[in-house]
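Working notes for the structure below.
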Amino acid sequence: MLPGEQARQAPTDLTSAPVVQEIPTDYFVTAPDWQVAQAQQLLNFIKGIGNEGLFPRDYQPEALQAAIAAGPGPRLNETATRLFTWVAEDLRDGRTEMDSRHQWFVEDPDWKLRPIKPLLQEALAGTGSGGGIVAALDSLNPTHPDYAVLKQMLLETSEGDKASRAKIRANMDRWRWLGRDLGKNYLLTNVPEYQLRLVVNNKVHTSFRTIVGKPGRTATPQLAEKVEGVIFNPTWTVPQSIVVGEGLGARVMGNPSYARSNGYKAYKTEAGMTVVVQQPGPGNSLGLMKLDMPNPHAIFLHDTPSKSLFNNSERALSHGCVRTENAMKLAMIMAKGLGGLSSEEAVEIANSREYTRVPLTKELPVYITYFTMARDIDDQMRSFDDIYGRDEPVLASLAAPRVQKTGQHKTDEPIVPIEAPGA
């Protein structure tokens with residue numbers, strides 16, 4: 001929408017509206033000139049936007065039709081610019097309101113990479129990639145193959161099957177919450193699927209079963225971070241909620257044999273706080289490896305000594321971190337492929353039982369996502385249980401009338417670091 005506009009209302013004076021958005025380059029103080037033919041392209045796009053899982057009613061096709069009928073001039077320029085902006089915002093950033101994206105802490109970079117103002121200017125001038133209004137809007141769609149598969153499913157699903165269509169639309173919108181292009185190489189885990197994929201050159205190289213956070217306080221949040229290194233034989237500094245709250249500190253300090261058998265070492269700080277650190281070894285709560293991916297949530301991917309749990313069909317069992325089956329295989333792939341180690345060096349480090357961090361020569365993106373409809377590891381589209389109940393607020397937001405965007409591009413939910421990732 002144009003700056004100063006009220007929700008679902010056209011501004012009365014675009015030229016005097018103050019620029020109050022977070023990204024003023026996305027918006028216009030004075031609307032550019034539109035030709036009738038260009039506005040008609042936009043109208044046709046809006047009428048067919050249901051194919052993208054959005055709703056024509058949100059973009060006031062009747063107002064645009066009336067402006068087109070009135071001919072070139074300020075009314076057409078203002079109406080078409082406003083509605084192009086609305087459409088572009090939703091295609092690029094997602095239609096779902098930010099407060100309905102529960103625990104989605106990913107900041108979509110596309111608002112910086114694809115600002116709307118130059119996109120429209122190029123489209124009107126015919127200088128953008130492919131030229132034209134339709135090409136400009138199509139260029140905002142996610143490139144991940146799952147989006148195209150969901151789009152085709154929506155086209156093939158009966159209008160009468162409202163529940164299925166709503167679920168498809170919700171998961172199409174989730175792809176818009178991520179970057180349009182995830183890159184060629186990355187890690188991606190879909191929490192409700194309990195699977196992690198290593199993608200190399202846009203193809204799944206290897207997949208791993210996962211264990212994710214229990215529903216409730218320790219549910220796994222959605223993140224887009226960078227893996228900076230592989231840690232072999234990690235230590236685990238036990239959080240104070242366990243050291244004090246569960247009495248572990250007193251037990252370790254008062255029972256040396258218990259401490260030795262569980263690999264704990266403890267000491268007192270000058271302030272009198274008991275610190276307990278579990279030493280490297282097969283019994284360590286983090287297992288024999290973890291990926292170094294610094295983030296304020298204290299969430300990472302790691303091994304586990306409780307490997308039998310990977311046989312469970314429902315694996316929402318952790319304190320929030322993502323436990324990974326065959327974690328040493330993943331560690332070896334990354335240490336050799338991105339850490340520059342030879343096979344012999346990697347094996348020697350892994351077997352040393354000593355804490356060792358292998359930095360990556362190139363950071364690898366990792367996406368912790370939440371899709372209740374997606375392609376599985378066998379490349380088949382299927383539904384997954386909504387283990388955290390996160391579909392309902394998305395569906396409600398999509399069903400409600402579109403509201404004015406505020407320029408917010410990341411959630412303001414509080415960050416609550418996970419305290420016991422290996423528990």
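Residue numbering restarts at 1 in every chain; chains get A, B, ... in the order shown in the structure tokens, and ligands count up from 1 in that same order.
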List the spatial neighbours of segment 90-105 of chain A as a PDB file with C-alpha atoms, in the first residue's frame - criterion: any atom at most 6 Å away, only C-alpha atoms, same-chain residues fewer than 5 positions off excluded.
ATOM      1  CA  LEU A 140       8.410 -12.810  -7.119  1.00  0.00           C
ATOM      2  CA  ASP A 173       2.204 -19.020   1.679  1.00  0.00           C
ATOM      3  CA  ARG A 176       6.794 -16.982   0.613  1.00  0.00           C
ATOM      4  CA  TRP A 177       7.953 -16.468   4.198  1.00  0.00           C
ATOM      5  CA  PRO A 221      11.217 -22.738  16.440  1.00  0.00           C
ATOM      6  CA  GLN A 222      11.619 -22.002  12.739  1.00  0.00           C
ATOM      7  CA  LEU A 223      14.974 -20.485  11.816  1.00  0.00           C
ATOM      8  CA  PRO A 393      -3.646 -19.205  12.936  1.00  0.00           C
ATOM      9  CA  VAL A 394      -2.378 -19.246   9.345  1.00  0.00           C
ATOM     10  CA  SER A 397      -5.291 -15.043   8.763  1.00  0.00           C
ATOM     11  CA  LEU A 398      -5.793 -16.104   5.151  1.00  0.00           C
TER      12      LEU A 398
END
Discussion item. Taking 4 positions as the minimum chain separation for residues in the same chain, which residues sit within 10 Å of segment 291-301 of chain A when counting only C-alpha atoms? Answer as a VMD selection string.
Written reply: chain A and resid 105 189 196 210 to 212 220 to 232 234 286 319 to 324 327 330 to 331 334 357 to 360 363 to 366 368 415 to 421
Since we have the selection now, will you write its residues out, keeping C-alpha atoms, as a PDB file, in the first residue's frame?
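Done, and the output landed in part26.pdb:
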ATOM      1  CA  PHE A 105      11.792 -16.458  13.405  1.00  0.00           C
ATOM      2  CA  THR A 189      14.622 -29.874   8.015  1.00  0.00           C
ATOM      3  CA  LEU A 196      16.653 -33.443   7.483  1.00  0.00           C
ATOM      4  CA  THR A 210      15.296 -36.357  13.136  1.00  0.00           C
ATOM      5  CA  ILE A 211      13.885 -35.888  16.618  1.00  0.00           C
ATOM      6  CA  VAL A 212      12.407 -32.441  17.276  1.00  0.00           C
ATOM      7  CA  THR A 220      11.352 -26.287  17.856  1.00  0.00           C
ATOM      8  CA  PRO A 221      11.217 -22.738  16.440  1.00  0.00           C
ATOM      9  CA  GLN A 222      11.619 -22.002  12.739  1.00  0.00           C
ATOM     10  CA  LEU A 223      14.974 -20.485  11.816  1.00  0.00           C
ATOM     11  CA  ALA A 224      17.240 -19.624   8.901  1.00  0.00           C
ATOM     12  CA  GLU A 225      20.824 -19.663  10.131  1.00  0.00           C
ATOM     13  CA  LYS A 226      24.346 -20.475   8.922  1.00  0.00           C
ATOM     14  CA  VAL A 227      26.460 -23.480   9.854  1.00  0.00           C
ATOM     15  CA  GLU A 228      29.942 -22.163  10.591  1.00  0.00           C
ATOM     16  CA  GLY A 229      31.640 -25.359  11.708  1.00  0.00           C
ATOM     17  CA  VAL A 230      31.387 -28.971  12.803  1.00  0.00           C
ATOM     18  CA  ILE A 231      32.137 -29.785  16.441  1.00  0.00           C
ATOM     19  CA  PHE A 232      33.361 -33.308  17.066  1.00  0.00           C
ATOM     20  CA  PRO A 234      31.268 -31.713  22.032  1.00  0.00           C
ATOM     21  CA  LEU A 286      24.821 -34.076  22.488  1.00  0.00           C
ATOM     22  CA  HIS A 319      13.876 -29.897  24.372  1.00  0.00           C
ATOM     23  CA  GLY A 320      13.893 -28.006  21.071  1.00  0.00           C
ATOM     24  CA  CYS A 321      17.122 -28.885  19.293  1.00  0.00           C
ATOM     25  CA  VAL A 322      17.081 -31.184  16.287  1.00  0.00           C
ATOM     26  CA  ARG A 323      18.659 -34.563  17.000  1.00  0.00           C
ATOM     27  CA  THR A 324      19.931 -36.180  13.835  1.00  0.00           C
ATOM     28  CA  ALA A 327      24.917 -37.617  12.730  1.00  0.00           C
ATOM     29  CA  LEU A 330      26.645 -35.778   8.278  1.00  0.00           C
ATOM     30  CA  ALA A 331      29.637 -34.493  10.255  1.00  0.00           C
ATOM     31  CA  MET A 334      30.635 -31.519   5.995  1.00  0.00           C
ATOM     32  CA  ARG A 357      35.890 -27.627  16.109  1.00  0.00           C
ATOM     33  CA  VAL A 358      36.396 -27.872  12.345  1.00  0.00           C
ATOM     34  CA  PRO A 359      35.547 -24.507  10.749  1.00  0.00           C
ATOM     35  CA  LEU A 360      33.852 -24.558   7.371  1.00  0.00           C
ATOM     36  CA  GLU A 363      29.143 -21.169   5.606  1.00  0.00           C
ATOM     37  CA  LEU A 364      26.216 -23.450   4.773  1.00  0.00           C
ATOM     38  CA  PRO A 365      22.633 -22.171   5.133  1.00  0.00           C
ATOM     39  CA  VAL A 366      20.348 -24.247   7.340  1.00  0.00           C
ATOM     40  CA  ILE A 368      14.406 -25.240  10.104  1.00  0.00           C
ATOM     41  CA  ILE A 415      13.168 -15.365  22.018  1.00  0.00           C
ATOM     42  CA  VAL A 416      13.331 -18.043  24.685  1.00  0.00           C
ATOM     43  CA  PRO A 417      16.643 -19.944  24.470  1.00  0.00           C
ATOM     44  CA  ILE A 418      16.256 -23.706  24.741  1.00  0.00           C
ATOM     45  CA  GLU A 419      18.039 -24.674  27.939  1.00  0.00           C
ATOM     46  CA  ALA A 420      18.444 -28.427  27.680  1.00  0.00           C
ATOM     47  CA  PRO A 421      18.940 -29.360  24.041  1.00  0.00           C
TER      48      PRO A 421
END
Worksheet item: Which of these residues is nearest to Asn190 of chain A, using only C-alpha atoms: A:Ala219, A:Met373, A:Met328, A:Val252?
Response: A:Met373
Discussion item. Could you go through segment 56-275 of chain A and tell me which residues DSSP, when run on the backbone, assigns to helix (DSSP H, G or I), listing them as a ChimeraX atom specification?
Written reply: /A:56-59,61-70,74-93,98-100,110-113,116-125,133-138,145-156,162-177,191-193,240-243,248-254,256-262
Discussion item. Using DSSP secondary structure from the backbone, list all strand (DSSP E) positions within segment 356-422 of chain A, as a PyMOL selection string.
Written reply: chain A and resi 356-369+373-375+381-383
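The protein and nucleic acid residues lying at most 9 Å from Asn202 of chain A are Gly183, Lys184, Asn185, Tyr186, Val199 and His205 of chain A, with only C-alpha atoms considered and sequence neighbours fewer than 3 positions away removed.
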Distance table requested - segment 327-411 of chain A against segment 32-54 of chain A, cut-off 12 Å, only C-alpha atoms: one row per qualifying residue with the closest atom pair and its distance in Å to one decimal, ordered by chain and rising residue number, as JSON lines.
{"residue": "A:Leu395", "atom": "CA", "partner": "A:Gly53", "partner_atom": "CA", "distance": 11.9}
{"residue": "A:Ser397", "atom": "CA", "partner": "A:Leu54", "partner_atom": "CA", "distance": 11.9}
{"residue": "A:Leu398", "atom": "CA", "partner": "A:Leu54", "partner_atom": "CA", "distance": 8.3}
{"residue": "A:Ala399", "atom": "CA", "partner": "A:Leu54", "partner_atom": "CA", "distance": 10.1}
{"residue": "A:Ala400", "atom": "CA", "partner": "A:Leu54", "partner_atom": "CA", "distance": 11.9}
{"residue": "A:Pro401", "atom": "CA", "partner": "A:Leu54", "partner_atom": "CA", "distance": 11.5}
{"residue": "A:Arg402", "atom": "CA", "partner": "A:Leu54", "partner_atom": "CA", "distance": 10.4}
Worksheet item: Which neighbours of Ala266 of chain A fall inside 12 Å, counting only C-alpha atoms, when residues of the same chain fewer than 6 positions from it are skipped, and could you give them as a VMD selection string?
Response: chain A and resid 236 to 238 243 248 to 256 258 to 260 273 to 279
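Rounded to one decimal, atom CA of Leu154 of chain A and atom CA of Arg382 of chain A lie 13.4 Å from each other.
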